[in-house]
Each structure stands twice: as C-alpha cells, then as structure tokens.
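Source file: data-v5.csv; contents: CSV, C-alpha atoms and all ligand atoms.
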chain,number,residue,atom,x,y,z
A,17,MET,CA,31.4,14.4,19.7
A,18,LYS,CA,30.1,16.9,22.3
A,19,THR,CA,26.5,16.6,23.2
A,20,ILE,CA,24.7,19.9,23.8
A,21,VAL,CA,21.6,19.8,26.1
A,22,ILE,CA,19.2,22.6,25.3
A,23,LYS,CA,16.5,23.2,27.9
A,24,ILE,CA,13.0,24.2,26.8
A,25,GLU,CA,11.7,26.6,29.4
A,26,ASP,CA,8.0,27.2,30.4
A,27,ASN,CA,6.6,30.4,29.1
A,28,GLN,CA,9.6,31.3,26.9
A,29,GLU,CA,7.9,30.9,23.6
A,30,ILE,CA,10.2,33.1,21.5
A,31,SER,CA,13.5,31.7,22.7
A,32,ASN,CA,12.1,28.2,22.6
A,33,ARG,CA,11.1,28.6,19.0
A,34,GLU,CA,14.7,29.7,18.2
A,35,LYS,CA,16.1,26.7,20.0
A,36,ILE,CA,13.7,24.3,18.2
A,37,HIS,CA,14.6,25.9,14.9
A,38,THR,CA,18.3,25.3,15.5
A,39,ALA,CA,17.5,21.7,16.2
A,40,GLY,CA,15.3,21.4,13.1
A,41,LYS,CA,18.1,22.8,11.0
A,42,LEU,CA,20.5,20.2,12.4
A,43,ILE,CA,18.1,17.4,11.4
A,44,GLN,CA,17.7,18.9,7.9
A,45,ASP,CA,21.5,18.8,7.6
A,46,GLY,CA,21.5,15.1,8.3
A,47,GLY,CA,22.2,15.2,12.1
A,48,LEU,CA,20.5,13.6,15.1
A,49,VAL,CA,18.5,15.3,17.8
A,50,ALA,CA,16.9,13.7,20.8
A,51,PHE,CA,13.5,15.3,21.7
A,52,PRO,CA,10.6,14.9,24.1
A,53,THR,CA,7.3,13.3,23.0
A,54,GLU,CA,4.3,12.6,25.2
A,55,THR,CA,5.2,8.9,25.4
A,56,VAL,CA,9.0,8.7,25.7
A,57,TYR,CA,12.0,10.7,24.4
A,58,GLY,CA,12.8,10.0,20.7
A,59,LEU,CA,16.0,10.1,18.8
A,60,GLY,CA,15.2,12.0,15.6
A,61,ALA,CA,16.7,12.2,12.1
A,62,ASP,CA,15.4,13.2,8.7
A,63,ALA,CA,13.2,10.2,7.8
A,64,LEU,CA,13.7,10.7,4.0
A,65,ASN,CA,17.5,10.8,4.2
A,66,PRO,CA,19.0,7.3,4.2
A,67,ASP,CA,22.3,8.4,5.6
A,68,ALA,CA,20.6,10.2,8.5
A,69,ALA,CA,18.5,7.1,9.3
A,70,ARG,CA,21.6,5.0,9.3
A,71,LYS,CA,23.1,7.2,12.0
A,72,ILE,CA,20.2,6.3,14.3
A,73,TYR,CA,21.0,2.6,14.1
A,74,GLN,CA,24.7,3.4,14.8
A,75,ALA,CA,24.0,5.7,17.8
A,76,LYS,CA,21.6,3.2,19.4
A,77,GLY,CA,23.4,0.0,18.5
A,78,ARG,CA,20.1,-1.1,16.9
A,79,PRO,CA,19.8,-4.1,14.6
A,80,SER,CA,19.3,-2.8,11.1
A,81,ASP,CA,16.2,-4.9,10.4
A,82,ASN,CA,14.3,-3.0,13.1
A,83,PRO,CA,12.2,-0.3,11.4
A,84,LEU,CA,11.7,3.3,12.6
A,85,ILE,CA,8.5,5.2,13.2
A,86,ILE,CA,8.1,8.4,11.0
A,87,HIS,CA,6.8,11.3,13.0
A,88,ILE,CA,4.6,13.8,11.2
A,89,ALA,CA,2.8,17.1,12.1
A,90,SER,CA,0.0,17.2,9.5
A,91,MET,CA,-2.3,14.8,7.6
A,92,GLU,CA,-0.9,16.1,4.3
A,93,SER,CA,2.4,14.6,5.2
A,94,LEU,CA,0.8,11.2,5.7
A,95,GLU,CA,-0.4,11.2,2.0
A,96,LYS,CA,3.2,11.8,0.9
A,97,ILE,CA,4.6,8.7,2.5
A,98,ALA,CA,1.7,6.2,2.7
A,99,SER,CA,0.4,4.7,-0.6
A,100,PHE,CA,-3.0,3.7,0.8
A,101,VAL,CA,-4.7,4.9,4.0
A,102,PRO,CA,-7.9,2.9,4.6
A,103,PRO,CA,-11.0,4.9,5.9
A,104,MET,CA,-10.8,3.1,9.3
A,105,ALA,CA,-7.3,4.5,9.8
A,106,ARG,CA,-8.5,8.0,8.9
A,107,LYS,CA,-11.1,7.6,11.7
A,108,MET,CA,-8.4,6.6,14.1
A,109,ALA,CA,-6.3,9.6,13.1
A,110,GLU,CA,-9.3,11.9,13.6
A,111,ARG,CA,-9.9,10.5,17.1
A,112,PHE,CA,-6.3,9.9,18.4
A,113,TRP,CA,-3.9,12.2,16.5
A,114,PRO,CA,-2.0,14.0,17.6
A,115,GLY,CA,-1.4,11.4,20.3
A,116,PRO,CA,0.2,8.1,21.4
A,117,LEU,CA,-0.9,6.0,18.4
A,118,THR,CA,1.3,4.6,15.6
A,119,MET,CA,-0.3,3.2,12.4
A,120,ILE,CA,1.4,1.1,9.7
A,121,PHE,CA,0.7,1.5,6.0
A,122,ARG,CA,2.1,0.4,2.7
A,123,LYS,CA,4.8,2.9,1.9
A,124,LYS,CA,5.5,5.1,-1.0
A,125,ASP,CA,8.9,5.0,-2.8
A,126,ILE,CA,10.0,8.3,-1.3
A,127,VAL,CA,10.5,6.5,2.1
A,128,PRO,CA,14.0,4.9,2.0
A,129,MET,CA,14.4,1.3,3.0
A,130,GLU,CA,17.0,2.4,5.6
A,131,THR,CA,14.1,4.0,7.5
A,132,THR,CA,11.8,1.0,7.3
A,133,GLY,CA,14.4,-1.7,8.0
A,134,GLY,CA,13.9,-3.1,4.5
A,135,LEU,CA,10.1,-3.4,4.8
A,136,ASP,CA,7.6,-2.1,2.2
A,137,THR,CA,5.4,-0.8,5.0
A,138,VAL,CA,5.9,2.4,7.0
A,139,ALA,CA,5.0,3.2,10.6
A,140,VAL,CA,3.6,6.7,11.2
A,141,ARG,CA,2.7,8.7,14.2
A,142,MET,CA,1.6,12.3,14.9
A,143,PRO,CA,2.9,13.0,18.4
A,144,GLY,CA,0.9,15.1,20.9
A,145,HIS,CA,3.8,17.0,22.4
A,146,PRO,CA,4.1,20.7,21.4
A,147,VAL,CA,7.9,20.6,21.2
A,148,ALA,CA,7.8,17.5,19.0
A,149,LEU,CA,5.3,19.0,16.6
A,150,GLU,CA,7.2,22.2,16.3
A,151,LEU,CA,10.5,20.3,15.7
A,152,ILE,CA,8.9,18.1,13.0
A,153,GLN,CA,7.8,21.3,11.1
A,154,ALA,CA,11.2,22.9,11.6
A,155,ALA,CA,12.9,19.8,10.3
A,156,GLY,CA,10.9,19.7,7.0
A,157,GLY,CA,8.0,17.4,8.1
A,158,TYR,CA,9.3,13.9,8.6
A,159,ILE,CA,11.3,12.8,11.6
A,160,ALA,CA,12.3,9.1,11.9
A,161,ALA,CA,12.6,8.4,15.7
A,162,PRO,CA,13.0,5.4,17.8
A,163,SER,CA,13.0,5.7,21.6
A,164,ALA,CA,16.3,7.5,22.5
A,165,ASN,CA,17.8,4.7,24.6
A,166,THR,CA,20.7,2.4,23.7
A,167,SER,CA,19.1,-0.7,22.1
A,168,GLY,CA,17.7,-3.1,24.7
A,169,ARG,CA,17.7,-0.6,27.6
A,170,PRO,CA,14.6,1.0,29.2
A,171,SER,CA,13.1,3.9,27.1
A,172,PRO,CA,14.0,7.4,28.4
A,173,THR,CA,11.3,9.4,30.1
A,174,LEU,CA,13.7,12.2,31.2
A,175,ALA,CA,16.4,14.1,29.2
A,176,GLU,CA,18.8,12.8,31.8
A,177,HIS,CA,18.1,9.3,30.7
A,178,VAL,CA,18.9,10.2,27.1
A,179,ALA,CA,22.2,11.7,28.3
A,180,GLU,CA,23.0,8.5,30.2
A,181,ASP,CA,22.8,6.5,27.0
A,182,MET,CA,23.7,9.0,24.2
A,183,GLN,CA,26.3,11.4,25.7
A,184,GLY,CA,29.0,11.8,23.2
A,185,ARG,CA,27.1,9.9,20.5
A,186,ILE,CA,24.7,12.6,19.3
A,187,PRO,CA,25.1,16.4,18.9
A,188,MET,CA,21.9,17.6,20.6
A,189,ILE,CA,19.3,16.8,23.2
A,190,LEU,CA,16.2,19.0,23.6
A,191,ASP,CA,15.2,18.8,27.3
A,192,GLY,CA,11.5,19.2,27.7
A,193,GLY,CA,11.3,17.8,31.2
A,194,ALA,CA,9.5,14.6,32.2
A,195,VAL,CA,7.2,13.0,29.7
A,196,GLY,CA,3.5,12.6,30.5
A,197,ILE,CA,2.7,8.9,29.5
A,198,GLY,CA,5.9,7.1,30.1
A,199,ILE,CA,5.5,4.0,27.8
A,200,GLU,CA,5.7,3.9,24.0
A,201,SER,CA,2.8,4.4,21.6
A,202,THR,CA,0.2,1.8,20.7
A,203,ILE,CA,1.1,0.3,17.2
A,204,VAL,CA,-1.7,-0.8,14.9
A,205,ASP,CA,-1.0,-2.4,11.5
A,206,PHE,CA,-3.4,-1.2,8.7
A,207,SER,CA,-1.4,-2.6,5.8
A,208,GLU,CA,-3.7,-5.8,5.7
A,209,GLN,CA,-7.4,-6.4,5.7
A,210,THR,CA,-8.2,-6.5,9.5
A,211,PRO,CA,-6.3,-4.0,11.6
A,212,MET,CA,-3.9,-5.7,14.1
A,213,VAL,CA,-2.4,-4.4,17.3
A,214,LEU,CA,1.4,-5.0,17.2
A,215,ARG,CA,2.3,-3.2,20.5
A,216,PRO,CA,-0.1,-2.3,23.3
A,217,GLY,CA,0.2,1.2,24.6
A,218,TYR,CA,-1.8,4.1,26.2
A,219,ILE,CA,-4.5,3.9,23.5
A,220,THR,CA,-6.2,0.6,24.6
A,221,LEU,CA,-8.1,-2.0,22.6
A,222,GLU,CA,-11.3,-0.9,24.2
A,223,MET,CA,-10.7,2.8,23.1
A,224,MET,CA,-10.0,1.7,19.5
A,225,ARG,CA,-12.9,-0.7,19.3
A,226,GLN,CA,-15.2,2.2,20.1
A,227,VAL,CA,-13.9,3.9,17.0
A,228,ILE,CA,-13.5,1.2,14.4
A,229,GLY,CA,-15.0,-2.0,15.8
A,230,GLU,CA,-13.0,-5.1,15.1
A,231,LEU,CA,-9.3,-5.3,15.8
A,232,LYS,CA,-7.0,-8.3,16.1
A,233,MET,CA,-4.2,-8.8,18.6
A,234,ASP,CA,-0.9,-10.0,17.2
A,235,PRO,CA,-0.8,-13.7,18.2
A,236,GLY,CA,2.9,-13.2,18.9
A,237,LEU,CA,2.0,-10.9,21.8
A,238,ILE,CA,-0.2,-13.4,23.6
A,239,GLU,CA,1.7,-14.9,26.5
A,240,GLU,CA,0.9,-18.6,25.8
A,241,ASN,CA,2.2,-18.3,22.3
A,242,SER,CA,5.8,-17.8,23.2
A,243,ASP,CA,6.9,-19.8,20.1
A,244,VAL,CA,5.1,-17.3,17.7
A,245,HIS,CA,7.3,-14.3,16.6
A,246,PRO,CA,5.7,-10.9,17.1
A,247,ARG,CA,5.1,-9.0,13.8
A,248,ALA,CA,6.8,-5.8,14.9
A,249,PRO,CA,10.5,-6.7,14.5
A,250,GLY,CA,11.4,-4.7,17.6
A,251,MET,CA,9.1,-6.7,19.8
A,252,LYS,CA,11.1,-9.9,19.4
A,253,TYR,CA,14.2,-8.7,21.2
A,254,ARG,CA,14.6,-8.8,25.0
A,255,HIS,CA,13.8,-5.2,25.6
A,256,TYR,CA,13.1,-2.5,28.0
A,257,ALA,CA,15.5,-4.3,30.2
A,258,PRO,CA,17.5,-3.1,33.3
A,259,ARG,CA,20.9,-4.6,33.9
A,260,ALA,CA,19.7,-6.5,37.0
A,261,GLU,CA,17.8,-9.7,36.7
A,262,LEU,CA,14.1,-8.8,36.9
A,263,VAL,CA,11.6,-11.3,38.3
A,264,LEU,CA,7.8,-10.8,38.1
A,265,VAL,CA,5.7,-12.2,40.9
A,266,ASN,CA,2.1,-12.8,40.0
A,267,GLY,CA,-0.9,-13.8,42.1
A,268,ALA,CA,-3.1,-12.6,45.0
A,269,GLN,CA,-1.7,-9.5,46.6
A,270,GLU,CA,-0.9,-10.9,50.0
A,271,LYS,CA,0.8,-14.0,48.6
A,272,VAL,CA,2.8,-11.8,46.2
A,273,GLN,CA,4.1,-9.7,49.1
A,274,GLU,CA,5.0,-12.8,51.2
A,275,LYS,CA,6.8,-14.3,48.3
A,276,ILE,CA,8.8,-11.2,47.5
A,277,ASN,CA,9.8,-10.8,51.1
A,278,GLU,CA,11.1,-14.4,51.0
A,279,LEU,CA,13.0,-13.8,47.7
A,280,VAL,CA,14.6,-10.7,49.0
A,281,ARG,CA,15.8,-12.5,52.2
A,282,ASN,CA,17.2,-15.4,50.1
A,283,ALA,CA,19.0,-12.9,47.8
A,284,ALA,CA,20.6,-11.2,50.8
A,285,LEU,CA,21.7,-14.6,52.2
A,286,SER,CA,23.5,-15.3,49.0
A,287,GLY,CA,25.2,-11.9,49.1
A,288,LYS,CA,23.0,-10.2,46.5
A,289,THR,CA,21.3,-6.9,46.7
A,290,ALA,CA,17.7,-6.8,45.7
A,291,GLY,CA,15.2,-4.0,44.7
A,292,VAL,CA,11.4,-4.3,45.0
A,293,ILE,CA,8.9,-2.7,42.7
A,294,ALA,CA,5.9,-2.0,45.0
A,295,THR,CA,3.0,0.5,45.0
A,296,ASP,CA,2.0,3.3,47.3
A,297,GLU,CA,-0.4,0.8,48.8
A,298,SER,CA,2.1,-2.0,49.4
A,299,CYS,CA,5.4,-0.2,50.1
A,300,GLY,CA,5.1,-0.5,53.9
A,301,TYR,CA,4.8,-4.4,53.8
A,302,TYR,CA,8.3,-5.1,52.7
A,303,GLU,CA,10.9,-5.9,55.3
A,304,CYS,CA,14.1,-5.5,53.4
A,305,GLY,CA,15.7,-4.7,50.1
A,306,ILE,CA,15.5,-1.3,48.3
A,307,VAL,CA,11.8,-0.7,48.0
A,308,LYS,CA,10.4,1.7,45.5
A,309,SER,CA,6.8,2.7,44.8
A,310,ILE,CA,6.0,2.7,41.1
A,311,GLY,CA,2.7,4.6,41.6
A,312,THR,CA,-0.8,3.8,42.9
A,313,ARG,CA,-3.1,1.0,41.9
A,314,ARG,CA,-6.0,3.6,42.1
A,315,ASP,CA,-4.5,5.3,39.0
A,316,GLU,CA,-2.7,3.0,36.7
A,317,ASP,CA,-1.5,5.8,34.5
A,318,THR,CA,1.0,6.6,37.4
A,319,ILE,CA,2.4,3.1,37.1
A,320,ALA,CA,3.1,3.5,33.3
A,321,ARG,CA,4.6,6.9,33.9
A,322,HIS,CA,7.2,5.7,36.4
A,323,LEU,CA,8.1,2.2,35.2
A,324,TYR,CA,11.2,3.1,33.1
A,325,ARG,CA,12.5,5.6,35.6
A,326,ILE,CA,12.4,3.1,38.3
A,327,LEU,CA,14.2,0.4,36.2
A,328,ARG,CA,17.0,2.9,35.5
A,329,GLU,CA,17.3,4.0,39.2
A,330,PHE,CA,17.8,0.4,40.2
A,331,ASP,CA,20.6,0.2,37.6
A,332,GLN,CA,22.2,3.2,39.1
A,333,GLN,CA,22.0,1.6,42.5
A,334,ASP,CA,23.6,-1.5,41.1
A,335,VAL,CA,21.2,-4.0,42.5
A,336,ASP,CA,21.6,-7.6,41.4
A,337,MET,CA,17.9,-8.6,41.4
A,338,ILE,CA,14.7,-6.8,41.0
A,339,TYR,CA,11.4,-8.3,42.2
A,340,SER,CA,8.3,-6.8,40.9
A,341,GLU,CA,4.6,-7.1,41.8
A,342,SER,CA,2.3,-7.7,38.8
A,343,PHE,CA,-0.4,-5.3,37.8
A,344,SER,CA,-3.9,-5.6,36.3
A,345,SER,CA,-3.9,-6.4,32.6
A,346,LEU,CA,-6.8,-4.1,31.8
A,347,GLY,CA,-6.6,-0.7,30.1
A,348,ILE,CA,-3.1,0.8,30.3
A,349,GLY,CA,-2.2,-2.2,32.5
A,350,GLN,CA,-1.9,-4.4,29.4
A,351,ALA,CA,0.9,-2.2,28.1
A,352,VAL,CA,2.6,-2.1,31.5
A,353,MET,CA,2.5,-5.9,31.8
A,354,ASN,CA,3.7,-6.3,28.2
A,355,ARG,CA,6.8,-4.2,29.0
A,356,LEU,CA,7.4,-5.8,32.4
A,357,ARG,CA,7.2,-9.3,31.0
A,358,LYS,CA,9.7,-8.4,28.3
A,359,ALA,CA,12.0,-6.8,30.8
A,360,ALA,CA,11.7,-10.0,32.9
A,361,GLY,CA,12.5,-12.1,29.8
A,362,GLN,CA,9.6,-14.3,30.9
A,363,ARG,CA,10.9,-14.9,34.4
A,364,VAL,CA,7.5,-15.0,36.1
A,365,ILE,CA,6.7,-16.7,39.5
A,366,GLU,CA,3.1,-17.7,40.0
A,367,VAL,CA,2.0,-17.8,43.7
A,401,LIG,O1,6.0,6.2,21.5
A,401,LIG,C1,6.7,5.8,20.6
A,401,LIG,O2,6.3,5.1,19.6
A,401,LIG,C2,8.2,6.2,20.6
A,401,LIG,C3,8.3,7.7,20.4
A,401,LIG,C4,9.7,8.2,20.3
A,401,LIG,O3,7.5,8.1,19.4
A,401,LIG,N1,8.9,5.5,19.6
A,401,LIG,C5,9.3,4.2,19.7
A,401,LIG,O4,10.1,3.8,18.6
A,401,LIG,O5,8.9,3.5,20.6
A,401,LIG,P1,10.9,2.4,18.7
A,401,LIG,O6,11.7,2.4,17.5
A,401,LIG,O7,11.5,2.3,20.0
A,401,LIG,O8,9.8,1.3,18.5
A,401,LIG,C6,9.1,1.1,17.2
A,401,LIG,C7,8.5,-0.2,17.1
A,401,LIG,C8,9.6,-1.3,16.9
A,401,LIG,O9,9.1,-2.5,17.7
A,401,LIG,C9,9.5,-1.6,15.4
A,401,LIG,O10,9.9,-2.9,15.1
A,401,LIG,C10,8.1,-1.3,15.1
A,401,LIG,O11,7.8,-0.2,15.9
A,401,LIG,N2,7.9,-1.0,13.7
A,401,LIG,C11,8.3,0.2,13.1
A,401,LIG,N3,8.0,0.1,11.8
A,401,LIG,C12,7.3,-1.0,11.5
A,401,LIG,C13,6.7,-1.6,10.4
A,401,LIG,N4,6.8,-1.1,9.2
A,401,LIG,N5,6.2,-2.9,10.6
A,401,LIG,C14,6.1,-3.5,11.8
A,401,LIG,N6,6.7,-2.9,12.9
A,401,LIG,C15,7.2,-1.7,12.8
A,402,MG,MG,12.4,1.4,21.6
Starting from the file, lay out its structure as structure tokens.
Amino acid sequence: MKTIVIKIEDNQEISNREKIHTAGKLIQDGGLVAFPTETVYGLGADALNPDAARKIYQAKGRPSDNPLIIHIASMESLEKIASFVPPMARKMAERFWPGPLTMIFRKKDIVPMETTGGLDTVAVRMPGHPVALELIQAAGGYIAAPSANTSGRPSPTLAEHVAEDMQGRIPMILDGGAVGIGIESTIVDFSEQTPMVLRPGYITLEMMRQVIGELKMDPGLIEENSDVHPRAPGMKYRHYAPRAELVLVNGAQEKVQEKINELVRNAALSGKTAGVIATDESCGYYECGIVKSIGTRRDEDTIARHLYRILREFDQQDVDMIYSESFSSLGIGQAVMNRLRKAAGQRVIEV
C-alpha cells in the first residue's frame, strides 16, 4: 500500500478543508488516516465500524485486548455512545474539553466490542486540535484512534514519526506539523463510583481536584505496587520504549550527573555507545556520549513536548544505552516520569 502524506498549511483554510474532507471520506469508507492532535498523532478509523477498528490493531501490531479511545467533536456525540455520564464528568468536560482529557463511561450497544477491546466501557475524548476536530466531523462524528506508533514504540509527535512506523501500512497521513503537548491525554475512569485516574497526562490531579474534588489514583500506577496490574489494559505493556536500553538515574542533581558520566564511560569501555538525556541547565556537565537536552527545568512543559522525539532520535543514531536524568514528579512531571519509567522498564538507579 502506498502512503500519501498530505500537508496542512498555515492560512490555507479552503484547501485544508478539502484535504480534511478527503481524509474524512476515506475514514467513512472504512480506511485508516493518521492525524495530528494536541497530545500526539493518532491513527484514526470509524469507531462504529468493527472492520475498520480491526485494521488499526493490524497496522499497529497491537494486542486485541487493548481498547481504543473514541474521539468526538460535540457533546451530542457523547450521549450516543455513553450509557451514563455522571454530573462530575459533565463538569470535567465543561472545563477541559476540547482538550487532553479522556473519560471512561459504560458504553451503549452501538459501540462495537472491536473498538473497546471486548470491554463494556468506552474511552472518549474531544481533542483540542482544529485539524482533529474538523476530521472527526468530516468522518461522521466518531474516530477511534490510538497513538499512531507501532505498538510498544514511542508515540509520534511529528508526521515524520508516523511515517517511520506506518509507511506502507496505511493509505494517508495528515501532516499538521509538531504537536503542542507531546504526551498522551490524562485518562479518568467515570464508570464506577469514585473517579479514578488510569493514566497521568497534561491535565494534572491538582487541576482536576479543583473541578470535582476527590479522585483516586489507579493503585497499579503507583511505583511501589509493581505487582498490581494497571486498570487501563495499555498501561501494562512495556511501552513508549526506544530500542536502546534506557536507564533512569534518580537523586540529587550533582550526584546524578556524576553517576551518568561514570555510566557513559563504562559503556564506552565495553564498546557500547551511549546517549544522555539532559536539560538546558545540565547539558554542559557531561563529558562524553551523545548528549541531548530534553528542555528546561524552568518550564516542564518543554520536557513533555520533546521526550518522544528524543527517544526516536537516539534510535536513529543507533545508541546501545540511554541514560536519563529524572524530573520532578509534580504537575506535568508526573506524566513525564510515568512514561520514562515505563520506557526504562523499571531500570532505575538511585544515587
Ligand atoms: O492523547 C491520547 O490519548 C492519544 C491521542 C491520539 O488522542 N491517544 C492514545 O491512545 O494515547 P492509545 O490507544 O495509545 O492509549 C489509550 C489507552 C490505552 O492504555 C488503553 O488501554 C486505555 O487507553 N483505554 C482505552 N479504553 C479503555 C477502557 N474502556 N478502559 C480502560 N482503559 C482504556
Ligand atoms: Mg499509545
């Protein structure tokens, strides 16, 4: 299959609309289209068409028990697919939609089991990216979309990343440039009594508590509980992972830098190439290895935005090892550390 990449240009409303309509038609006809959202690129299909949903699993090599998020563009669409939307969830939608928040509800029969990985609940998100919203409308209102990477690889934050993984496997990629946030949406389960966070993201616990008060954290996400399975099926796999072995070094900043210098030297002695994930502040302290700044500690949004791109760059440079500094676990840092820990497969050195 040939993959066409269609560029969405700034200030070209009319031709962009045509392009997005062509893409929407392709989805209505049961095809797959990768498209930008504000978090990461998604791989979209008609969420109400079981055959189309199946194609997503095939293209990604995704286990079929891992459910998809349905992307909508209006609140009316939510009523058609969720059998009960609690008042707290409506408040969340008012505050955070369109935006990087996914909510889980009991599903209606119209949603096929192929989309929900066999579950009787459905994950729903109204994305905040104009191209995504227009595409959803053009496609009939319901797009099932996981991140547009091969299963297990870092999520794509550029159309080029999508092409790396999906070239020849899907008919179309809409290229809307770099995404703004860079890590996947926050997921909150509203299908039971107390809302529970299943995946941390850009919308933090503190932001949500201000709107609805109490929220639980999935016990399977808390580091010490490594024997408890996370509730979101996708969170149990080694995930977001580069091909190189990633090791996270945690502790006081100076000690972390010393330790990483030592690790890189040792890697070199045993004939391995190593990459270092540093920050604008620490870049200059490293003596060898391929050193990349992920962003600045003064603005942790930058760290989230560049994380996946850096992991993919190290893959392209074919490093054997990646040593990464740790980041604050507050705010967006909680999501960053969740992804880094998963990418490291729990290889963490405390100094
Ligand atoms: O930001 C995002 O959410 C991106 C963009 C494209 O919207 N999408 C995304 O999808 O990250 P994906 O498929 O890569 O991750 C969806 C996660 C998986 O961990 C999946 O197991 C979980 O959501 N999930 C989906 N439906 C669920 C359900 N009904 N119950 C529990 N977990 C669910
Ligand atoms: Mg994903």
Protein and nucleic residues near ligand MG 402 (chain A), 8 Å, all atoms listed in the file, as a PDB file with C-alpha atoms, in the coordinates of the input:
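Contents of out-v2.pdb, freshly written:
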ATOM      1  CA  PRO A 162      13.000   5.400  17.800  1.00  0.00           C
ATOM      2  CA  SER A 163      13.000   5.700  21.600  1.00  0.00           C
ATOM      3  CA  ALA A 164      16.300   7.500  22.500  1.00  0.00           C
ATOM      4  CA  ASN A 165      17.800   4.700  24.600  1.00  0.00           C
ATOM      5  CA  SER A 167      19.100  -0.700  22.100  1.00  0.00           C
ATOM      6  CA  GLY A 168      17.700  -3.100  24.700  1.00  0.00           C
ATOM      7  CA  PRO A 170      14.600   1.000  29.200  1.00  0.00           C
ATOM      8  CA  SER A 171      13.100   3.900  27.100  1.00  0.00           C
ATOM      9  CA  GLU A 200       5.700   3.900  24.000  1.00  0.00           C
ATOM     10  CA  GLY A 250      11.400  -4.700  17.600  1.00  0.00           C
ATOM     11  CA  HIS A 255      13.800  -5.200  25.600  1.00  0.00           C
ATOM     12  CA  TYR A 256      13.100  -2.500  28.000  1.00  0.00           C
TER      13      TYR A 256
END
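With all atoms listed in the file as the basis for measurement, A:Leu174 is the residue among A:Val101, A:Ala359, A:Leu327, A:Leu174 that approaches Ile189 of chain A most closely.
If you measure from each of A:Ala290, A:Ala320, A:Val280, A:Met129 to Glu303 of chain A using only C-alpha atoms, the closest one turns out to be A:Val280.
The space between atom CA of Lys96 of chain A and atom C11 of ligand LIG 401 (chain A) spans 17.6 Å.
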Dump as JSON lines the rows for residues of chain A within 8 Å of ligand LIG 401 (chain A): closest atom pair and distance in Å with one decimal, all atoms listed in the file counted, ordered by chain and rising residue number.
{"residue": "A:Pro52", "atom": "CA", "partner": "A:LIG401", "partner_atom": "C4", "distance": 7.8}
{"residue": "A:Thr53", "atom": "CA", "partner": "A:LIG401", "partner_atom": "C4", "distance": 6.2}
{"residue": "A:Glu54", "atom": "CA", "partner": "A:LIG401", "partner_atom": "O1", "distance": 7.6}
{"residue": "A:Thr55", "atom": "CA", "partner": "A:LIG401", "partner_atom": "O1", "distance": 4.8}
{"residue": "A:Val56", "atom": "CA", "partner": "A:LIG401", "partner_atom": "C3", "distance": 5.4}
{"residue": "A:Tyr57", "atom": "CA", "partner": "A:LIG401", "partner_atom": "C4", "distance": 5.3}
{"residue": "A:Gly58", "atom": "CA", "partner": "A:LIG401", "partner_atom": "C4", "distance": 3.6}
{"residue": "A:Leu59", "atom": "CA", "partner": "A:LIG401", "partner_atom": "C4", "distance": 6.7}
{"residue": "A:Asn82", "atom": "CA", "partner": "A:LIG401", "partner_atom": "O10", "distance": 4.8}
{"residue": "A:Pro83", "atom": "CA", "partner": "A:LIG401", "partner_atom": "N3", "distance": 4.2}
{"residue": "A:Leu84", "atom": "CA", "partner": "A:LIG401", "partner_atom": "C11", "distance": 4.6}
{"residue": "A:Ile85", "atom": "CA", "partner": "A:LIG401", "partner_atom": "C11", "distance": 5.0}
{"residue": "A:His87", "atom": "CA", "partner": "A:LIG401", "partner_atom": "O3", "distance": 7.2}
{"residue": "A:Pro116", "atom": "CA", "partner": "A:LIG401", "partner_atom": "O1", "distance": 6.1}
{"residue": "A:Leu117", "atom": "CA", "partner": "A:LIG401", "partner_atom": "O2", "distance": 7.4}
{"residue": "A:Thr118", "atom": "CA", "partner": "A:LIG401", "partner_atom": "O2", "distance": 6.4}
{"residue": "A:Ile120", "atom": "CA", "partner": "A:LIG401", "partner_atom": "N4", "distance": 5.9}
{"residue": "A:Phe121", "atom": "CA", "partner": "A:LIG401", "partner_atom": "N4", "distance": 7.4}
{"residue": "A:Thr132", "atom": "CA", "partner": "A:LIG401", "partner_atom": "N4", "distance": 5.7}
{"residue": "A:Gly133", "atom": "CA", "partner": "A:LIG401", "partner_atom": "N3", "distance": 7.7}
{"residue": "A:Leu135", "atom": "CA", "partner": "A:LIG401", "partner_atom": "N4", "distance": 6.0}
{"residue": "A:Asp136", "atom": "CA", "partner": "A:LIG401", "partner_atom": "N4", "distance": 7.1}
{"residue": "A:Thr137", "atom": "CA", "partner": "A:LIG401", "partner_atom": "N4", "distance": 4.4}
{"residue": "A:Val138", "atom": "CA", "partner": "A:LIG401", "partner_atom": "N4", "distance": 4.2}
{"residue": "A:Ala139", "atom": "CA", "partner": "A:LIG401", "partner_atom": "N3", "distance": 4.5}
{"residue": "A:Val140", "atom": "CA", "partner": "A:LIG401", "partner_atom": "N3", "distance": 8.0}
{"residue": "A:Arg141", "atom": "CA", "partner": "A:LIG401", "partner_atom": "O3", "distance": 7.1}
{"residue": "A:Pro143", "atom": "CA", "partner": "A:LIG401", "partner_atom": "O3", "distance": 6.8}
{"residue": "A:Ala161", "atom": "CA", "partner": "A:LIG401", "partner_atom": "C4", "distance": 5.4}
{"residue": "A:Pro162", "atom": "CA", "partner": "A:LIG401", "partner_atom": "O6", "distance": 3.3}
{"residue": "A:Ser163", "atom": "CA", "partner": "A:LIG401", "partner_atom": "O7", "distance": 4.0}
{"residue": "A:Ala164", "atom": "CA", "partner": "A:LIG401", "partner_atom": "C4", "distance": 7.0}
{"residue": "A:Ser171", "atom": "CA", "partner": "A:LIG401", "partner_atom": "O7", "distance": 7.5}
{"residue": "A:Ile199", "atom": "CA", "partner": "A:LIG401", "partner_atom": "O1", "distance": 6.7}
{"residue": "A:Glu200", "atom": "CA", "partner": "A:LIG401", "partner_atom": "O1", "distance": 3.4}
{"residue": "A:Ser201", "atom": "CA", "partner": "A:LIG401", "partner_atom": "O1", "distance": 3.7}
{"residue": "A:Thr202", "atom": "CA", "partner": "A:LIG401", "partner_atom": "O2", "distance": 7.0}
{"residue": "A:Ile203", "atom": "CA", "partner": "A:LIG401", "partner_atom": "O11", "distance": 6.8}
{"residue": "A:Asp205", "atom": "CA", "partner": "A:LIG401", "partner_atom": "C14", "distance": 7.2}
{"residue": "A:Leu214", "atom": "CA", "partner": "A:LIG401", "partner_atom": "N6", "distance": 7.1}
{"residue": "A:Arg215", "atom": "CA", "partner": "A:LIG401", "partner_atom": "O9", "distance": 7.4}
{"residue": "A:Arg247", "atom": "CA", "partner": "A:LIG401", "partner_atom": "C14", "distance": 5.9}
{"residue": "A:Ala248", "atom": "CA", "partner": "A:LIG401", "partner_atom": "N6", "distance": 3.5}
{"residue": "A:Pro249", "atom": "CA", "partner": "A:LIG401", "partner_atom": "O10", "distance": 3.9}
{"residue": "A:Gly250", "atom": "CA", "partner": "A:LIG401", "partner_atom": "O9", "distance": 3.2}
{"residue": "A:Met251", "atom": "CA", "partner": "A:LIG401", "partner_atom": "O9", "distance": 4.7}
{"residue": "A:Lys252", "atom": "CA", "partner": "A:LIG401", "partner_atom": "O9", "distance": 7.9}
Q) Could you state the separation of atom CA of Tyr302 of chain A and atom CA of Val265 of chain A in Å, given to one decimal place? A) 14.0 Å
